[in-house]
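Chemist: If you scroll down you'll find the structure; I have some questions about it.
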2 protein chains.
Amino acid sequence: MTVVKNAVESAAEAETAALLIRRTGARATPARVRVLRLLRMVPAALTHHEIEQAIGDLPVDRVTLYRVLDWLVESGLAHRNADAQRVFRFSAAAIGEHSAHTHFRCENCGRVFCLDAAPPAPPSLPEGFSLSHLELDLRGRCAGCTGEHR
Amino acid sequence: MTVVKNAVESAAEAETAALLIRRTGARATPARVRVLRLLRMVPAALTHHEIEQAIGDLPVDRVTLYRVLDWLVESGLAHRNADAQRVFRFSAAAIGEHSAHTHFRCENCGRVFCLDAAPPAPPSLPEGFSLSHLELDLRGRCAGCTGEHR
DNA sequence: CCATCCGGCGCAACTCTGTTGCATCTGGCA
DNA sequence: TGCCAGATGCAACAGAGTTGCGCCGGATGG
């Protein structure tokens, strides 16, 4: 039954994704819809590789995936961040977008989670500096890894 | 005269660097001393490339530089962070080390500055998550770029 | 209904950053 | 001074991301 439920949810999510894409004036291609849908359903920042895996069946060309991701970021539908291993990670952008973001990176499994935590008050900057974005980066162990072997 | 002053300062800084290195029990080789001295004199997080440039005369082998940097990080004398362009940036570690860090990245010139700003209070995490490091990442315009063309 | 056009796709080749293997050299101690 | 584990230098490799270019397929106009 979960299968049926997921299938229904998937279809609905795919619709939403396609809508968001068309709203930008661009074509809602299968690759774009599938990637955006995936990002919007996963509460984590995924790498190009993880997305490639997750999309699984009907594989998308490596380059196409990069281009889709670039496009999503440019259109404001997704965020891009380099993780500690210097690999880009992508996450869906919230609808009413904010300029602050909080990530939690698990030091055991390497996964990155997007948190909704309220951004901290920006610290005072040196003379002449002006702030436009703020990002809080947390590291530690995620729920799944707590209590596991080192 | 600034030249003379800088030369004197450099020598003193080199001594300090060598001392810090020997204190870890390792050999104070020229490459290590030069890199650590540079990092300690620059209030910014530099890339491998920038360090290579800055060291200029008496060029250091690419690989050696990577190894020196790795060693500095392992010894706790430096920090490594992947920047937005997914390039590692290195900065000197403060002597009494902390597990929180604040960076300011200029969106115009790309430079990264290490700030001393007090770390914000960590937000509440989802059940099962535990925190070990915290890092605040700011983006905007640095003093040098404020008022410049886009 | 067909011709055309343009955005998006796939392949291949490339760049850039960082890593590994191995032979050679050297700082600092006996 | 002589030794040798630890550093260095060279070359070759690996992973992530980018660029160039031809092709296809959906939209558009006649």
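Ordering of the structure tokens sets the chain letters (A, B, ...), residue numbers begin anew at 1 in every chain, and ligands are numbered from 1 in the order given.
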Quick one: chain A onto chain B, least squares on all Cα paired in order, result as a short mmCIF file (atom, residue, chain, number, x, y, z; two decimals) with N, CA and C atoms, in the first residue's frame?
Modeler:
```cif
data_model
loop_
_atom_site.label_atom_id
_atom_site.label_comp_id
_atom_site.auth_asym_id
_atom_site.auth_seq_id
_atom_site.Cartn_x
_atom_site.Cartn_y
_atom_site.Cartn_z
N MET A 1 61.63 51.82 4.45
CA MET A 1 61.67 51.44 5.87
C MET A 1 60.67 50.33 6.15
N THR A 2 59.57 50.43 5.45
CA THR A 2 58.61 49.35 5.66
C THR A 2 59.25 48.03 5.26
N VAL A 3 60.15 48.16 4.31
CA VAL A 3 60.82 46.93 3.87
C VAL A 3 61.60 46.33 5.03
N VAL A 4 62.39 47.20 5.69
CA VAL A 4 63.19 46.73 6.81
C VAL A 4 62.27 46.18 7.91
N LYS A 5 61.24 46.96 8.22
CA LYS A 5 60.33 46.54 9.27
C LYS A 5 59.73 45.17 8.94
N ASN A 6 59.28 45.02 7.68
CA ASN A 6 58.70 43.75 7.28
C ASN A 6 59.69 42.61 7.40
N ALA A 7 60.93 42.93 7.03
CA ALA A 7 61.94 41.88 7.09
C ALA A 7 62.12 41.42 8.53
N VAL A 8 62.16 42.39 9.45
CA VAL A 8 62.31 42.04 10.86
C VAL A 8 61.11 41.22 11.33
N GLU A 9 59.92 41.74 11.04
CA GLU A 9 58.71 41.03 11.42
C GLU A 9 58.71 39.62 10.85
N SER A 10 59.12 39.51 9.58
CA SER A 10 59.14 38.21 8.93
C SER A 10 60.01 37.23 9.68
N ALA A 11 61.20 37.73 10.06
CA ALA A 11 62.13 36.85 10.76
C ALA A 11 61.51 36.38 12.07
N ALA A 12 60.91 37.32 12.79
CA ALA A 12 60.29 36.96 14.06
C ALA A 12 59.16 35.96 13.84
N GLU A 13 58.34 36.25 12.85
CA GLU A 13 57.22 35.36 12.57
C GLU A 13 57.71 33.99 12.15
N ALA A 14 58.81 33.97 11.41
CA ALA A 14 59.36 32.69 10.96
C ALA A 14 59.80 31.88 12.18
N GLU A 15 60.40 32.57 13.13
CA GLU A 15 60.82 31.90 14.37
C GLU A 15 59.63 31.28 15.08
N THR A 16 58.58 32.08 15.24
CA THR A 16 57.37 31.61 15.90
C THR A 16 56.82 30.39 15.17
N ALA A 17 56.76 30.49 13.86
CA ALA A 17 56.22 29.39 13.06
C ALA A 17 57.05 28.13 13.29
N ALA A 18 58.37 28.28 13.20
CA ALA A 18 59.25 27.13 13.38
C ALA A 18 59.04 26.50 14.75
N LEU A 19 58.85 27.37 15.74
CA LEU A 19 58.65 26.89 17.10
C LEU A 19 57.37 26.07 17.21
N LEU A 20 56.31 26.62 16.63
CA LEU A 20 55.03 25.91 16.68
C LEU A 20 55.14 24.55 16.01
N ILE A 21 55.91 24.51 14.93
CA ILE A 21 56.06 23.26 14.19
C ILE A 21 56.86 22.25 15.02
N ARG A 22 57.98 22.70 15.58
CA ARG A 22 58.82 21.78 16.36
C ARG A 22 58.07 21.26 17.57
N ARG A 23 57.21 22.11 18.10
CA ARG A 23 56.46 21.72 19.29
C ARG A 23 55.63 20.45 19.04
N THR A 24 55.28 20.20 17.78
CA THR A 24 54.48 19.01 17.47
C THR A 24 55.38 17.78 17.38
N GLY A 25 56.70 18.00 17.41
CA GLY A 25 57.62 16.87 17.31
C GLY A 25 58.10 16.61 15.89
N ALA A 26 57.63 17.43 14.95
CA ALA A 26 58.01 17.21 13.56
C ALA A 26 59.16 18.14 13.17
N ARG A 27 59.73 17.90 12.02
CA ARG A 27 60.85 18.72 11.55
C ARG A 27 60.33 20.05 11.01
N ALA A 28 61.02 21.12 11.40
CA ALA A 28 60.64 22.45 10.91
C ALA A 28 61.33 22.70 9.58
N THR A 29 60.77 22.16 8.51
CA THR A 29 61.39 22.32 7.19
C THR A 29 61.03 23.69 6.63
N PRO A 30 61.85 24.17 5.67
CA PRO A 30 61.60 25.49 5.07
C PRO A 30 60.18 25.61 4.54
N ALA A 31 59.72 24.59 3.82
CA ALA A 31 58.39 24.65 3.24
C ALA A 31 57.34 24.85 4.33
N ARG A 32 57.42 24.08 5.38
CA ARG A 32 56.44 24.18 6.46
C ARG A 32 56.48 25.55 7.11
N VAL A 33 57.70 26.02 7.41
CA VAL A 33 57.84 27.31 8.07
C VAL A 33 57.27 28.42 7.20
N ARG A 34 57.63 28.40 5.92
CA ARG A 34 57.17 29.47 5.05
C ARG A 34 55.66 29.50 4.92
N VAL A 35 55.06 28.33 4.78
CA VAL A 35 53.61 28.28 4.63
C VAL A 35 52.91 28.72 5.91
N LEU A 36 53.36 28.18 7.03
CA LEU A 36 52.70 28.54 8.29
C LEU A 36 52.87 30.02 8.59
N ARG A 37 54.05 30.54 8.33
CA ARG A 37 54.29 31.96 8.56
C ARG A 37 53.32 32.79 7.72
N LEU A 38 53.20 32.43 6.45
CA LEU A 38 52.30 33.15 5.56
C LEU A 38 50.87 33.12 6.11
N LEU A 39 50.41 31.92 6.45
CA LEU A 39 49.03 31.80 6.94
C LEU A 39 48.82 32.63 8.19
N ARG A 40 49.81 32.62 9.06
CA ARG A 40 49.65 33.35 10.32
C ARG A 40 49.69 34.86 10.13
N MET A 41 50.26 35.31 9.01
CA MET A 41 50.36 36.76 8.80
C MET A 41 49.19 37.31 7.99
N VAL A 42 48.41 36.42 7.39
CA VAL A 42 47.30 36.87 6.55
C VAL A 42 45.98 36.54 7.24
N PRO A 43 45.12 37.54 7.44
CA PRO A 43 43.87 37.30 8.15
C PRO A 43 42.80 36.80 7.20
N ALA A 44 43.15 35.81 6.38
CA ALA A 44 42.19 35.32 5.39
C ALA A 44 42.44 33.84 5.15
N ALA A 45 41.48 33.18 4.53
CA ALA A 45 41.61 31.78 4.17
C ALA A 45 42.08 31.71 2.73
N LEU A 46 43.27 31.18 2.51
CA LEU A 46 43.87 31.18 1.18
C LEU A 46 43.74 29.83 0.49
N THR A 47 43.68 29.86 -0.84
CA THR A 47 43.66 28.62 -1.60
C THR A 47 45.10 28.16 -1.83
N HIS A 48 45.20 26.89 -2.21
CA HIS A 48 46.48 26.32 -2.58
C HIS A 48 47.17 27.22 -3.59
N HIS A 49 46.41 27.66 -4.57
CA HIS A 49 46.96 28.49 -5.64
C HIS A 49 47.46 29.83 -5.10
N GLU A 50 46.67 30.46 -4.26
CA GLU A 50 47.07 31.75 -3.70
C GLU A 50 48.34 31.61 -2.86
N ILE A 51 48.42 30.53 -2.13
CA ILE A 51 49.61 30.31 -1.31
C ILE A 51 50.83 30.13 -2.20
N GLU A 52 50.63 29.37 -3.26
CA GLU A 52 51.72 29.13 -4.21
C GLU A 52 52.23 30.48 -4.74
N GLN A 53 51.29 31.35 -5.13
CA GLN A 53 51.65 32.68 -5.63
C GLN A 53 52.37 33.47 -4.55
N ALA A 54 51.78 33.52 -3.38
CA ALA A 54 52.30 34.36 -2.31
C ALA A 54 53.71 33.96 -1.90
N ILE A 55 53.98 32.69 -1.96
CA ILE A 55 55.31 32.22 -1.58
C ILE A 55 56.32 32.60 -2.64
N GLY A 56 55.83 32.74 -3.86
CA GLY A 56 56.61 33.30 -4.96
C GLY A 56 58.01 32.74 -5.16
N ASP A 57 59.02 33.52 -4.79
CA ASP A 57 60.39 33.11 -4.97
C ASP A 57 60.63 31.79 -4.25
N LEU A 58 61.61 31.05 -4.73
CA LEU A 58 61.82 29.72 -4.16
C LEU A 58 60.51 28.91 -4.24
N PRO A 59 60.05 28.65 -5.45
CA PRO A 59 58.76 27.97 -5.59
C PRO A 59 58.78 26.60 -4.92
N VAL A 60 57.64 26.23 -4.35
CA VAL A 60 57.50 24.92 -3.71
C VAL A 60 56.74 24.02 -4.65
N ASP A 61 57.11 22.78 -4.69
CA ASP A 61 56.41 21.82 -5.54
C ASP A 61 54.94 21.75 -5.14
N ARG A 62 54.07 21.68 -6.15
CA ARG A 62 52.63 21.58 -5.94
C ARG A 62 52.28 20.52 -4.90
N VAL A 63 52.79 19.32 -5.13
CA VAL A 63 52.47 18.21 -4.24
C VAL A 63 53.00 18.45 -2.83
N THR A 64 54.22 18.98 -2.75
CA THR A 64 54.78 19.26 -1.44
C THR A 64 53.88 20.24 -0.69
N LEU A 65 53.42 21.25 -1.42
CA LEU A 65 52.54 22.23 -0.79
C LEU A 65 51.28 21.55 -0.27
N TYR A 66 50.70 20.68 -1.07
CA TYR A 66 49.50 19.96 -0.62
C TYR A 66 49.83 19.16 0.65
N ARG A 67 50.98 18.53 0.64
CA ARG A 67 51.33 17.71 1.80
C ARG A 67 51.59 18.56 3.03
N VAL A 68 52.25 19.70 2.82
CA VAL A 68 52.49 20.59 3.95
C VAL A 68 51.14 21.04 4.54
N LEU A 69 50.22 21.40 3.65
CA LEU A 69 48.92 21.87 4.12
C LEU A 69 48.17 20.75 4.86
N ASP A 70 48.20 19.56 4.29
CA ASP A 70 47.56 18.42 4.95
C ASP A 70 48.13 18.25 6.35
N TRP A 71 49.47 18.32 6.40
CA TRP A 71 50.14 18.11 7.68
C TRP A 71 49.75 19.19 8.69
N LEU A 72 49.71 20.44 8.23
CA LEU A 72 49.33 21.54 9.12
C LEU A 72 47.93 21.32 9.67
N VAL A 73 47.04 20.86 8.81
CA VAL A 73 45.66 20.64 9.26
C VAL A 73 45.63 19.50 10.28
N GLU A 74 46.32 18.42 9.96
CA GLU A 74 46.35 17.28 10.88
C GLU A 74 46.95 17.65 12.23
N SER A 75 47.94 18.51 12.20
CA SER A 75 48.60 18.91 13.44
C SER A 75 47.81 19.96 14.20
N GLY A 76 46.72 20.40 13.61
CA GLY A 76 45.90 21.39 14.29
C GLY A 76 46.45 22.80 14.17
N LEU A 77 47.43 23.01 13.29
CA LEU A 77 47.99 24.35 13.15
C LEU A 77 47.24 25.18 12.11
N ALA A 78 46.38 24.51 11.33
CA ALA A 78 45.62 25.23 10.31
C ALA A 78 44.25 24.59 10.14
N HIS A 79 43.36 25.36 9.51
CA HIS A 79 42.02 24.87 9.21
C HIS A 79 41.87 24.71 7.71
N ARG A 80 41.03 23.75 7.32
CA ARG A 80 40.74 23.62 5.90
C ARG A 80 39.23 23.71 5.69
N ASN A 81 38.82 24.50 4.69
CA ASN A 81 37.41 24.64 4.36
C ASN A 81 37.24 24.70 2.86
N ALA A 82 36.18 24.09 2.35
CA ALA A 82 35.89 24.20 0.93
C ALA A 82 35.09 25.47 0.70
N ASP A 83 35.49 26.29 -0.24
CA ASP A 83 34.74 27.52 -0.49
C ASP A 83 33.62 27.27 -1.49
N ALA A 84 32.90 28.34 -1.86
CA ALA A 84 31.73 28.18 -2.71
C ALA A 84 32.08 27.63 -4.09
N GLN A 85 33.32 27.87 -4.53
CA GLN A 85 33.76 27.34 -5.82
C GLN A 85 34.36 25.95 -5.66
N ARG A 86 34.08 25.34 -4.51
CA ARG A 86 34.56 24.03 -4.16
C ARG A 86 36.09 23.92 -4.26
N VAL A 87 36.77 24.91 -3.76
CA VAL A 87 38.22 24.86 -3.67
C VAL A 87 38.56 24.95 -2.17
N PHE A 88 39.55 24.17 -1.76
CA PHE A 88 39.94 24.21 -0.36
C PHE A 88 40.62 25.54 -0.04
N ARG A 89 40.30 26.08 1.12
CA ARG A 89 40.96 27.28 1.60
C ARG A 89 41.54 26.98 2.97
N PHE A 90 42.74 27.51 3.21
CA PHE A 90 43.45 27.22 4.44
C PHE A 90 43.67 28.49 5.25
N SER A 91 43.53 28.38 6.56
CA SER A 91 43.78 29.52 7.42
C SER A 91 44.50 29.03 8.67
N ALA A 92 45.28 29.93 9.27
CA ALA A 92 46.01 29.55 10.48
C ALA A 92 45.02 29.32 11.61
N ALA A 93 45.33 28.35 12.47
CA ALA A 93 44.47 28.09 13.62
C ALA A 93 44.90 29.02 14.75
N ALA A 94 43.93 29.49 15.51
CA ALA A 94 44.27 30.29 16.68
C ALA A 94 44.97 29.37 17.68
N ILE A 95 45.75 29.96 18.58
CA ILE A 95 46.54 29.12 19.48
C ILE A 95 45.65 28.34 20.44
N GLY A 96 44.85 29.05 21.22
CA GLY A 96 43.90 28.33 22.06
C GLY A 96 42.72 28.00 21.18
N GLU A 97 42.66 26.79 20.69
CA GLU A 97 41.70 26.54 19.61
C GLU A 97 40.26 26.39 20.08
N HIS A 98 39.39 26.79 19.18
CA HIS A 98 37.96 26.78 19.43
C HIS A 98 37.33 25.86 18.40
N SER A 99 36.12 25.47 18.61
CA SER A 99 35.47 24.60 17.63
C SER A 99 34.46 25.38 16.81
N ALA A 100 34.48 26.68 16.96
CA ALA A 100 33.57 27.50 16.16
C ALA A 100 34.40 28.48 15.34
N HIS A 101 33.89 28.83 14.18
CA HIS A 101 34.68 29.62 13.26
C HIS A 101 33.72 30.48 12.43
N THR A 102 34.13 31.67 12.09
CA THR A 102 33.28 32.52 11.26
C THR A 102 34.06 33.01 10.04
N HIS A 103 33.48 32.80 8.87
CA HIS A 103 34.10 33.25 7.64
C HIS A 103 33.22 34.27 6.93
N PHE A 104 33.86 35.20 6.27
CA PHE A 104 33.13 36.13 5.41
C PHE A 104 33.67 35.98 4.00
N ARG A 105 32.79 35.67 3.06
CA ARG A 105 33.24 35.50 1.69
C ARG A 105 32.71 36.64 0.83
N CYS A 106 33.61 37.35 0.16
CA CYS A 106 33.20 38.46 -0.70
C CYS A 106 32.68 37.92 -2.02
N GLU A 107 31.47 38.33 -2.38
CA GLU A 107 30.86 37.82 -3.61
C GLU A 107 31.43 38.53 -4.83
N ASN A 108 32.19 39.59 -4.62
CA ASN A 108 32.76 40.30 -5.74
C ASN A 108 34.16 39.78 -6.06
N CYS A 109 35.03 39.77 -5.09
CA CYS A 109 36.41 39.39 -5.37
C CYS A 109 36.71 37.96 -4.96
N GLY A 110 35.80 37.32 -4.25
CA GLY A 110 35.99 35.91 -3.91
C GLY A 110 36.87 35.66 -2.70
N ARG A 111 37.45 36.71 -2.14
CA ARG A 111 38.32 36.50 -0.99
C ARG A 111 37.53 36.04 0.23
N VAL A 112 38.20 35.34 1.10
CA VAL A 112 37.56 34.82 2.30
C VAL A 112 38.30 35.35 3.52
N PHE A 113 37.58 35.95 4.44
CA PHE A 113 38.19 36.51 5.64
C PHE A 113 37.78 35.69 6.86
N CYS A 114 38.71 35.55 7.79
CA CYS A 114 38.39 34.88 9.04
C CYS A 114 38.02 35.96 10.06
N LEU A 115 36.83 35.87 10.60
CA LEU A 115 36.40 36.86 11.59
C LEU A 115 36.50 36.28 12.99
N ASP A 116 36.60 37.18 13.95
CA ASP A 116 36.69 36.71 15.34
C ASP A 116 35.33 36.70 16.02
N ALA A 117 34.31 37.02 15.24
CA ALA A 117 32.97 37.14 15.83
C ALA A 117 32.66 35.98 16.75
N ALA A 118 32.02 36.29 17.83
CA ALA A 118 31.62 35.26 18.76
C ALA A 118 30.62 34.35 18.07
N PRO A 119 30.75 33.05 18.26
CA PRO A 119 29.82 32.12 17.61
C PRO A 119 28.43 32.29 18.19
N PRO A 120 27.42 32.16 17.34
CA PRO A 120 26.05 32.29 17.81
C PRO A 120 25.68 31.06 18.65
N ALA A 121 24.66 31.19 19.43
CA ALA A 121 24.20 30.05 20.21
C ALA A 121 23.69 28.99 19.26
N PRO A 122 24.11 27.74 19.46
CA PRO A 122 23.66 26.68 18.56
C PRO A 122 22.15 26.49 18.66
N PRO A 123 21.50 26.28 17.53
CA PRO A 123 20.06 26.07 17.52
C PRO A 123 19.73 24.68 18.07
N SER A 124 18.51 24.46 18.38
CA SER A 124 18.13 23.13 18.86
C SER A 124 18.12 22.16 17.69
N LEU A 125 18.65 20.97 17.93
CA LEU A 125 18.77 19.98 16.87
C LEU A 125 17.66 18.94 16.98
N PRO A 126 17.40 18.23 15.88
CA PRO A 126 16.42 17.14 15.93
C PRO A 126 16.88 16.08 16.93
N GLU A 127 15.94 15.32 17.42
CA GLU A 127 16.21 14.25 18.36
C GLU A 127 17.34 13.34 17.86
N GLY A 128 18.31 13.07 18.73
CA GLY A 128 19.35 12.11 18.38
C GLY A 128 20.58 12.72 17.73
N PHE A 129 20.50 13.99 17.40
CA PHE A 129 21.64 14.64 16.77
C PHE A 129 22.53 15.23 17.85
N SER A 130 23.87 15.11 17.64
CA SER A 130 24.77 15.76 18.59
C SER A 130 25.77 16.63 17.85
N LEU A 131 26.06 17.75 18.44
CA LEU A 131 26.87 18.77 17.77
C LEU A 131 28.31 18.72 18.23
N SER A 132 29.25 18.87 17.28
CA SER A 132 30.64 18.96 17.72
C SER A 132 31.33 20.22 17.19
N HIS A 133 30.96 20.64 15.99
CA HIS A 133 31.56 21.87 15.46
C HIS A 133 30.47 22.79 14.93
N LEU A 134 30.81 24.05 14.90
CA LEU A 134 29.83 25.03 14.45
C LEU A 134 30.55 26.06 13.62
N GLU A 135 29.97 26.43 12.52
CA GLU A 135 30.64 27.37 11.64
C GLU A 135 29.64 28.32 11.01
N LEU A 136 29.97 29.59 11.04
CA LEU A 136 29.08 30.60 10.49
C LEU A 136 29.70 31.13 9.21
N ASP A 137 28.90 31.12 8.16
CA ASP A 137 29.39 31.50 6.83
C ASP A 137 28.64 32.73 6.36
N LEU A 138 29.34 33.83 6.18
CA LEU A 138 28.68 35.05 5.73
C LEU A 138 29.11 35.36 4.31
N ARG A 139 28.18 35.92 3.54
CA ARG A 139 28.54 36.36 2.20
C ARG A 139 28.08 37.79 2.01
N GLY A 140 28.79 38.52 1.16
CA GLY A 140 28.44 39.91 0.91
C GLY A 140 29.60 40.59 0.21
N ARG A 141 29.82 41.85 0.52
CA ARG A 141 30.92 42.57 -0.12
C ARG A 141 31.92 43.02 0.93
N CYS A 142 33.19 42.84 0.61
CA CYS A 142 34.21 43.24 1.55
C CYS A 142 34.48 44.74 1.41
N ALA A 143 35.25 45.27 2.34
CA ALA A 143 35.51 46.71 2.35
C ALA A 143 36.12 47.15 1.02
N GLY A 144 37.05 46.37 0.51
CA GLY A 144 37.74 46.76 -0.71
C GLY A 144 36.83 46.83 -1.92
N CYS A 145 35.76 46.05 -1.91
CA CYS A 145 34.88 45.97 -3.09
C CYS A 145 33.64 46.84 -2.96
N THR A 146 33.36 47.34 -1.77
CA THR A 146 32.16 48.16 -1.59
C THR A 146 32.29 49.41 -2.44
N GLY A 147 31.26 49.70 -3.20
CA GLY A 147 31.29 50.91 -4.02
C GLY A 147 31.91 50.68 -5.39
N GLU A 148 32.45 49.47 -5.60
CA GLU A 148 33.01 49.19 -6.92
C GLU A 148 31.92 48.80 -7.90
N HIS A 149 32.29 48.72 -9.18
CA HIS A 149 31.33 48.29 -10.21
C HIS A 149 30.84 46.89 -9.88
N ARG A 150 29.73 46.52 -10.48
CA ARG A 150 29.16 45.21 -10.17
C ARG A 150 30.14 44.14 -10.54
#
```
Chemist: Any idea what's packed within 12 Å of segment 4-6 of chain C, counting only C-alpha atoms (C1' of nucleotides), ignoring anything in its chain fewer than 2 positions away? Could you give it as number ranges by chain?
Modeler: A: 27; C: 2, 8; D: 24-30
Chemist: I'd like the interatomic distance between atom C1' of DA13 of chain C and atom C1' of DC21 of chain D, to a tenth of an Å.
Modeler: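 Computing it gives 11.1 Å between the two atoms.
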Chemist: DSSP on the backbone, helix (DSSP H, G or I) only: what residues of chain A does that give? Format it as a PyMOL selection string.
Modeler: chain A and resi 2-23+30-41+48-55+62-74
Chemist: Between atom C1' of DA30 of chain C and atom C1' of DA7 of chain D, what is the spacing in Å?
Modeler: 20.5 Å
Chemist: Give me, as an MDAnalysis selection string, the residues of chain A that a backbone DSSP run labels strand (DSSP E).
Modeler: chainID A and resid 46:47 78:82 88:92 100:106 112:115 130:141
Chemist: Export N, CA and C atoms of the chosen residues as a CSV table (one decimal), in the first residue's frame?
Modeler:
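Written out: result-v3.csv:
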```
chain,number,residue,atom,x,y,z
A,46,LEU,N,21.7,16.9,-1.7
A,46,LEU,CA,22.3,15.7,-2.4
A,46,LEU,C,23.4,16.1,-3.3
A,47,THR,N,24.3,15.2,-3.5
A,47,THR,CA,25.4,15.4,-4.5
A,47,THR,C,24.8,15.0,-5.9
A,78,ALA,N,16.6,25.9,-6.6
A,78,ALA,CA,17.4,25.0,-5.8
A,78,ALA,C,18.6,25.8,-5.3
A,79,HIS,N,19.3,25.3,-4.3
A,79,HIS,CA,20.5,25.9,-3.7
A,79,HIS,C,21.7,25.0,-4.1
A,80,ARG,N,22.8,25.6,-4.2
A,80,ARG,CA,24.1,24.8,-4.4
A,80,ARG,C,25.1,25.2,-3.3
A,81,ASN,N,25.7,24.1,-2.7
A,81,ASN,CA,26.7,24.4,-1.7
A,81,ASN,C,27.8,23.3,-1.8
A,82,ALA,N,29.0,23.8,-1.6
A,82,ALA,CA,30.1,22.8,-1.6
A,82,ALA,C,30.2,22.2,-0.2
A,88,PHE,N,29.8,19.5,-4.7
A,88,PHE,CA,28.6,20.4,-4.7
A,88,PHE,C,27.4,19.5,-4.2
A,89,ARG,N,26.6,20.1,-3.4
A,89,ARG,CA,25.3,19.5,-2.9
A,89,ARG,C,24.2,20.4,-3.2
A,90,PHE,N,23.1,19.8,-3.7
A,90,PHE,CA,21.9,20.6,-4.1
A,90,PHE,C,20.7,20.3,-3.2
A,91,SER,N,20.0,21.3,-2.9
A,91,SER,CA,18.7,21.1,-2.2
A,91,SER,C,17.7,22.0,-2.7
A,92,ALA,N,16.4,21.6,-2.6
A,92,ALA,CA,15.3,22.4,-3.1
A,92,ALA,C,15.2,23.7,-2.3
A,100,ALA,N,19.0,33.1,4.4
A,100,ALA,CA,19.8,32.4,5.4
A,100,ALA,C,19.4,30.9,5.3
A,101,HIS,N,20.4,30.1,5.7
A,101,HIS,CA,20.2,28.7,5.5
A,101,HIS,C,21.0,27.9,6.6
A,102,THR,N,20.5,26.8,7.0
A,102,THR,CA,21.2,26.0,8.0
A,102,THR,C,21.4,24.6,7.6
A,103,HIS,N,22.6,24.1,7.6
A,103,HIS,CA,22.9,22.8,7.2
A,103,HIS,C,23.5,22.0,8.4
A,104,PHE,N,23.2,20.7,8.4
A,104,PHE,CA,23.8,19.8,9.4
A,104,PHE,C,24.5,18.7,8.6
A,105,ARG,N,25.8,18.6,8.8
A,105,ARG,CA,26.6,17.6,8.1
A,105,ARG,C,27.0,16.5,9.1
A,106,CYS,N,26.6,15.2,8.8
A,106,CYS,CA,27.0,14.1,9.7
A,106,CYS,C,28.4,13.7,9.4
A,112,VAL,N,24.0,15.3,4.4
A,112,VAL,CA,23.8,16.7,4.8
A,112,VAL,C,22.3,17.0,4.9
A,113,PHE,N,21.9,17.6,6.0
A,113,PHE,CA,20.5,17.8,6.2
A,113,PHE,C,20.2,19.3,6.1
A,114,CYS,N,19.1,19.7,5.6
A,114,CYS,CA,18.7,21.1,5.6
A,114,CYS,C,17.8,21.3,6.8
A,115,LEU,N,18.1,22.2,7.7
A,115,LEU,CA,17.3,22.5,8.9
A,115,LEU,C,16.5,23.8,8.7
A,130,SER,N,29.7,44.6,4.0
A,130,SER,CA,28.2,44.5,4.0
A,130,SER,C,27.8,43.1,3.8
A,131,LEU,N,26.7,42.7,4.4
A,131,LEU,CA,26.3,41.3,4.4
A,131,LEU,C,25.1,41.1,3.5
A,132,SER,N,25.1,40.0,2.7
A,132,SER,CA,24.0,39.7,1.9
A,132,SER,C,23.4,38.4,2.2
A,133,HIS,N,24.3,37.4,2.5
A,133,HIS,CA,23.8,36.1,2.8
A,133,HIS,C,24.4,35.6,4.1
A,134,LEU,N,23.7,34.6,4.7
A,134,LEU,CA,24.2,34.1,6.0
A,134,LEU,C,23.9,32.6,6.0
A,135,GLU,N,24.9,31.9,6.4
A,135,GLU,CA,24.7,30.4,6.4
A,135,GLU,C,25.3,29.8,7.6
A,136,LEU,N,24.6,28.9,8.3
A,136,LEU,CA,25.1,28.3,9.5
A,136,LEU,C,25.3,26.8,9.2
A,137,ASP,N,26.5,26.4,9.5
A,137,ASP,CA,27.0,25.0,9.1
A,137,ASP,C,27.3,24.3,10.4
A,138,LEU,N,26.5,23.2,10.6
A,138,LEU,CA,26.7,22.4,11.8
A,138,LEU,C,27.3,21.1,11.5
A,139,ARG,N,28.2,20.5,12.3
A,139,ARG,CA,28.7,19.2,12.1
A,139,ARG,C,28.5,18.4,13.4
A,140,GLY,N,28.3,17.1,13.2
A,140,GLY,CA,28.2,16.2,14.4
A,140,GLY,C,27.7,14.9,13.9
A,141,ARG,N,26.8,14.2,14.6
A,141,ARG,CA,26.3,12.9,14.2
A,141,ARG,C,24.8,13.0,14.1
```
Chemist: For the contact check between chain C and chain B, emit one row per residue of chain C within 12 Å, containing the shortest atom pair and the distance in Å rounded to one decimal, counting only C-alpha atoms (C1' of nucleotides), chain then rising number order, as JSON lines.
Modeler:
```
{"residue": "C:DC16", "atom": "C1'", "partner": "B:Val87", "partner_atom": "CA", "distance": 9.8}
{"residue": "C:DT17", "atom": "C1'", "partner": "B:Val87", "partner_atom": "CA", "distance": 7.2}
{"residue": "C:DG18", "atom": "C1'", "partner": "B:Tyr66", "partner_atom": "CA", "distance": 8.0}
{"residue": "C:DT19", "atom": "C1'", "partner": "B:Val63", "partner_atom": "CA", "distance": 8.8}
{"residue": "C:DT20", "atom": "C1'", "partner": "B:Val63", "partner_atom": "CA", "distance": 10.4}
{"residue": "C:DT26", "atom": "C1'", "partner": "B:Thr29", "partner_atom": "CA", "distance": 9.6}
{"residue": "C:DG27", "atom": "C1'", "partner": "B:Arg27", "partner_atom": "CA", "distance": 7.0}
{"residue": "C:DG28", "atom": "C1'", "partner": "B:Arg27", "partner_atom": "CA", "distance": 8.4}
{"residue": "C:DC29", "atom": "C1'", "partner": "B:Arg27", "partner_atom": "CA", "distance": 11.9}
```
Chemist: Select residues of chain D: the criterion is any atom within 10 Å of an atom of chain A, counting only C-alpha atoms (C1' of nucleotides); output as an NGL selection string.
Modeler: :D and (15-18 or 26)
Chemist: For the atom pair atom C1' of DG20 of chain D and atom C1' of DC11 of chain C, what is the interatomic distance in Å to one decimal place?
Modeler: 10.7 Å
